[in-house]
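First up is the structure itself, then whatever we jot down about it.
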Amino acid sequence: LASNRKYHKTIVDEGAIELLVALACCEDVDTQRQAISALRSLCVSSDNRHRVLQKGIMDPLILMSRSDEIDIVREVSSALNCLSSEDENKEEISYRAISTLINLLLSGDVFIERNACCAVANLMEVTDMHPRLLEEKGVPPLIALCSSQDGPCRNDATRAIANLSSNPELIETLIREKALPPLVKSLT
């Protein structure tokens with residue numbers, strides 16, 4: 001049902017988010033996968049993104065990001081990407097999941113890296129979030145992904161670095177981290 005947008009409002013109004021969050025934390029991998037997939041589907045709808053965050057999705061997303069099941073980690077990265085596009089979610093995601101996102105940047109899976117890059121770029125639209133990324137050593141993976149063979153991943157990694165470069169306090173750090181060559185290369 002959650003994959004069909006016309007049912008999203010009913011699912012949310014009936015209180016299913018809390019149940020899905022609980023199911024995402026259970027021991028059964030198939031149940032986890034289905035619950036995370038349903039929660040991610042609900043996050044596609046911008047009307048639900050803040051509500052889903054308020055109902056506790058962050059704990060299972062952070063927990064499931066460590067799964068050995070690639071499908072689950074892909075759903076997690078996609079959900080974090082959707083959630084990060086809402087301004088009212090950015091602070092909580094930055095403080096609770098920036099290290100998770102950095103680990104996802106290093107996953108080696110193009111789909112996961114693409115979603116993680118987009119989520120980080122979304123978060124870096126807010127200058128107050130910049131120090132968290134620096135504290136967690138997130139700049140080097142972004143710089144590396146600026147050279148990704150995957151166009152969307154490369155574009156979002158570049159967007160994240162560009163967002164960081166809008167902060168005058170970070171210019172020296174970005175130069176020291178050699179962020180400028182990938183930015184210049186992306187322009188050609």
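Here, A, B, ... name the chains of the structure tokens in the order displayed, residue numbers run from 1 inside each chain, and ligands are numbered from 1 in the same displayed order.
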(message) Give me, as a ChimeraX atom specification, all polymer residues having an atom no more than 7 Å from region 143-148 of chain A, counting only C-alpha atoms and skipping those fewer than 4 positions away in the same chain.
(response) /A:139,153-154,157-158,179,182
Emit the selected residues as a short mmCIF file (atom, residue, chain, number, x, y, z; two decimals), in the first residue's frame, including N, CA and C atoms.
data_model
loop_
_atom_site.label_atom_id
_atom_site.label_comp_id
_atom_site.auth_asym_id
_atom_site.auth_seq_id
_atom_site.Cartn_x
_atom_site.Cartn_y
_atom_site.Cartn_z
N VAL A 139 34.49 15.75 4.30
CA VAL A 139 34.91 16.44 3.07
C VAL A 139 35.69 15.51 2.12
N CYS A 153 25.66 11.32 -8.98
CA CYS A 153 26.49 11.28 -7.78
C CYS A 153 27.54 12.39 -7.83
N ARG A 154 28.21 12.49 -8.96
CA ARG A 154 29.23 13.52 -9.15
C ARG A 154 28.62 14.92 -8.98
N ALA A 157 27.79 15.54 -5.25
CA ALA A 157 29.03 15.73 -4.48
C ALA A 157 29.58 17.13 -4.74
N THR A 158 29.55 17.53 -5.99
CA THR A 158 30.01 18.87 -6.36
C THR A 158 29.13 19.94 -5.73
N ALA A 179 39.84 20.62 -2.59
CA ALA A 179 38.48 20.56 -3.12
C ALA A 179 38.32 21.36 -4.41
N PRO A 182 38.44 19.37 -8.26
CA PRO A 182 37.21 18.71 -8.71
C PRO A 182 36.08 19.70 -9.05
#
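Using only C-alpha atoms, the shortest contact distance between Gly56 (chain A) and any of A:Ala121, A:Lys178, A:Ala97, A:Leu20 is found at A:Leu20.
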(request) Excluding region 123-130 of chain A and any residue of its chain fewer than 2 positions from it, enumerate the residues within 12 Å of it, using only C-alpha atoms, and give them as a PyMOL selection string. (result) chain A and resi 80-98+101+116-121+132-139+142+156-171+173-174
Near-Ala24 (chain A) list (7 Å; only C-alpha atoms; drop same-chain fewer than 3 positions) as an mmCIF file with N, CA, C and O atoms, in the first residue's frame:
data_model
loop_
_atom_site.group_PDB
_atom_site.id
_atom_site.type_symbol
_atom_site.label_atom_id
_atom_site.label_comp_id
_atom_site.auth_asym_id
_atom_site.auth_seq_id
_atom_site.Cartn_x
_atom_site.Cartn_y
_atom_site.Cartn_z
ATOM 1 N N LEU A 20 5.295 0.862 11.667
ATOM 2 C CA LEU A 20 6.367 0.599 10.699
ATOM 3 C C LEU A 20 7.739 0.839 11.322
ATOM 4 O O LEU A 20 8.678 0.089 11.064
ATOM 5 N N VAL A 21 7.858 1.877 12.142
ATOM 6 C CA VAL A 21 9.123 2.142 12.838
ATOM 7 C C VAL A 21 9.470 0.967 13.746
ATOM 8 O O VAL A 21 10.612 0.495 13.771
ATOM 9 N N THR A 31 11.055 -8.568 7.325
ATOM 10 C CA THR A 31 10.151 -7.588 7.927
ATOM 11 C C THR A 31 10.828 -6.222 7.982
ATOM 12 O O THR A 31 10.194 -5.205 7.690
ATOM 13 N N GLN A 32 12.094 -6.195 8.350
ATOM 14 C CA GLN A 32 12.848 -4.933 8.355
ATOM 15 C C GLN A 32 12.818 -4.290 6.970
ATOM 16 O O GLN A 32 12.549 -3.097 6.832
ATOM 17 N N ALA A 35 9.365 -2.920 6.116
ATOM 18 C CA ALA A 35 9.037 -1.731 6.918
ATOM 19 C C ALA A 35 9.835 -0.513 6.454
ATOM 20 O O ALA A 35 9.277 0.580 6.293
ATOM 21 N N ILE A 36 11.132 -0.695 6.229
ATOM 22 C CA ILE A 36 11.966 0.415 5.756
ATOM 23 C C ILE A 36 11.496 0.868 4.374
ATOM 24 O O ILE A 36 11.423 2.059 4.089
ATOM 25 N N PRO A 60 15.641 3.633 13.462
ATOM 26 C CA PRO A 60 15.786 2.464 12.585
ATOM 27 C C PRO A 60 16.638 2.745 11.343
ATOM 28 O O PRO A 60 17.357 1.858 10.879
#
(message) as a ChimeraX atom specification, please: every residue in region 1-180 of chain A that a backbone DSSP assignment puts in alpha helix (DSSP H).
(response) /A:8-13,16-24,29-44,46-54,58-64,70-84,90-105,110-123,130-135,139-145,151-165,171-176,180
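Closest approach to Asp59 (chain A) from the set A:Asn155, A:Gln149, A:Thr100, A:Ser107 is made by A:Thr100, with distances taken over only C-alpha atoms.
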(request) Name all residues at most 12 Å from Arg66 (chain A) (count only C-alpha atoms; drop same-chain ones fewer than 2 positions away) and give them as a PyMOL selection string. (result) chain A and resi 59-64+68-74+76-77+99-101+103-104+107
Keeping N, CA, C and O atoms for every residue in the selection just given, could you write it to a file as a compact mmCIF listing (two decimals), in the first residue's frame?
# COMPACT_ATOMS: atom_id res chain seq x y z
N ASP A 59 16.02 6.44 14.30
CA ASP A 59 16.67 5.31 14.98
C ASP A 59 16.76 4.08 14.08
O ASP A 59 17.84 3.52 13.92
N PRO A 60 15.64 3.63 13.46
CA PRO A 60 15.79 2.46 12.58
C PRO A 60 16.64 2.75 11.34
O PRO A 60 17.36 1.86 10.88
N LEU A 61 16.60 3.96 10.81
CA LEU A 61 17.43 4.25 9.65
C LEU A 61 18.91 4.15 10.00
O LEU A 61 19.69 3.55 9.25
N ILE A 62 19.30 4.72 11.13
CA ILE A 62 20.70 4.65 11.55
C ILE A 62 21.09 3.20 11.83
O ILE A 62 22.14 2.74 11.39
N LEU A 63 20.23 2.47 12.51
CA LEU A 63 20.49 1.07 12.81
C LEU A 63 20.60 0.24 11.53
O LEU A 63 21.54 -0.53 11.34
N MET A 64 19.66 0.41 10.62
CA MET A 64 19.62 -0.40 9.40
C MET A 64 20.69 0.01 8.39
O MET A 64 21.00 -0.76 7.48
N ASP A 68 23.95 -5.79 6.50
CA ASP A 68 24.69 -6.46 5.43
C ASP A 68 23.82 -6.64 4.19
O ASP A 68 24.33 -7.03 3.14
N GLU A 69 22.54 -6.36 4.33
CA GLU A 69 21.59 -6.50 3.22
C GLU A 69 21.60 -5.20 2.40
O GLU A 69 21.13 -4.17 2.85
N ILE A 70 22.14 -5.28 1.17
CA ILE A 70 22.29 -4.09 0.33
C ILE A 70 20.96 -3.42 0.04
O ILE A 70 20.87 -2.19 -0.04
N ASP A 71 19.88 -4.23 -0.13
CA ASP A 71 18.57 -3.65 -0.41
C ASP A 71 18.08 -2.77 0.73
O ASP A 71 17.47 -1.73 0.52
N ILE A 72 18.36 -3.19 1.95
CA ILE A 72 17.97 -2.40 3.12
C ILE A 72 18.76 -1.10 3.16
O ILE A 72 18.20 -0.02 3.38
N VAL A 73 20.05 -1.17 2.93
CA VAL A 73 20.89 0.03 2.97
C VAL A 73 20.49 0.99 1.84
O VAL A 73 20.50 2.21 2.02
N ARG A 74 20.10 0.46 0.70
CA ARG A 74 19.61 1.32 -0.39
C ARG A 74 18.34 2.05 0.01
O ARG A 74 18.17 3.23 -0.28
N VAL A 76 17.47 2.77 3.07
CA VAL A 76 17.88 3.75 4.09
C VAL A 76 18.43 5.00 3.41
O VAL A 76 18.05 6.12 3.76
N SER A 77 19.33 4.82 2.45
CA SER A 77 19.93 5.99 1.78
C SER A 77 18.87 6.80 1.05
O SER A 77 18.90 8.03 1.06
N SER A 99 27.28 11.15 10.44
CA SER A 99 28.29 10.09 10.36
C SER A 99 27.75 8.90 9.57
O SER A 99 28.50 8.25 8.83
N THR A 100 26.48 8.62 9.71
CA THR A 100 25.84 7.56 8.91
C THR A 100 25.92 7.90 7.44
O THR A 100 26.28 7.06 6.61
N LEU A 101 25.61 9.13 7.09
CA LEU A 101 25.67 9.55 5.69
C LEU A 101 27.10 9.47 5.15
O LEU A 101 27.31 9.06 4.00
N ASN A 103 29.41 7.39 6.12
CA ASN A 103 29.66 5.96 5.88
C ASN A 103 28.99 5.50 4.59
O ASN A 103 29.55 4.69 3.85
N LEU A 104 27.81 6.02 4.32
CA LEU A 104 27.11 5.66 3.08
C LEU A 104 27.85 6.20 1.85
O LEU A 104 27.85 5.57 0.79
N SER A 107 30.31 3.63 0.68
CA SER A 107 29.76 2.28 0.55
C SER A 107 30.27 1.50 -0.66
O SER A 107 30.30 0.28 -0.65
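Proximity ranking of A:Asn48, A:Ser65, A:Ser78, A:Asn122 relative to Thr10 (chain A) places A:Asn48 first, based on only C-alpha atoms.
Across the structure, CA of Leu106 (chain A) and CA of Ser37 (chain A) are spaced 22.0 Å apart.
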(message) Which residue is closest to Gly151 (chain A)? Choose from A:Ile102, A:Met58, A:Ile11, A:Val110 and count only C-alpha atoms.
(response) A:Val110
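Our summary of the geometry notes that CA of Ser46 (chain A) is positioned 11.7 Å from CA of Ala79 (chain A).
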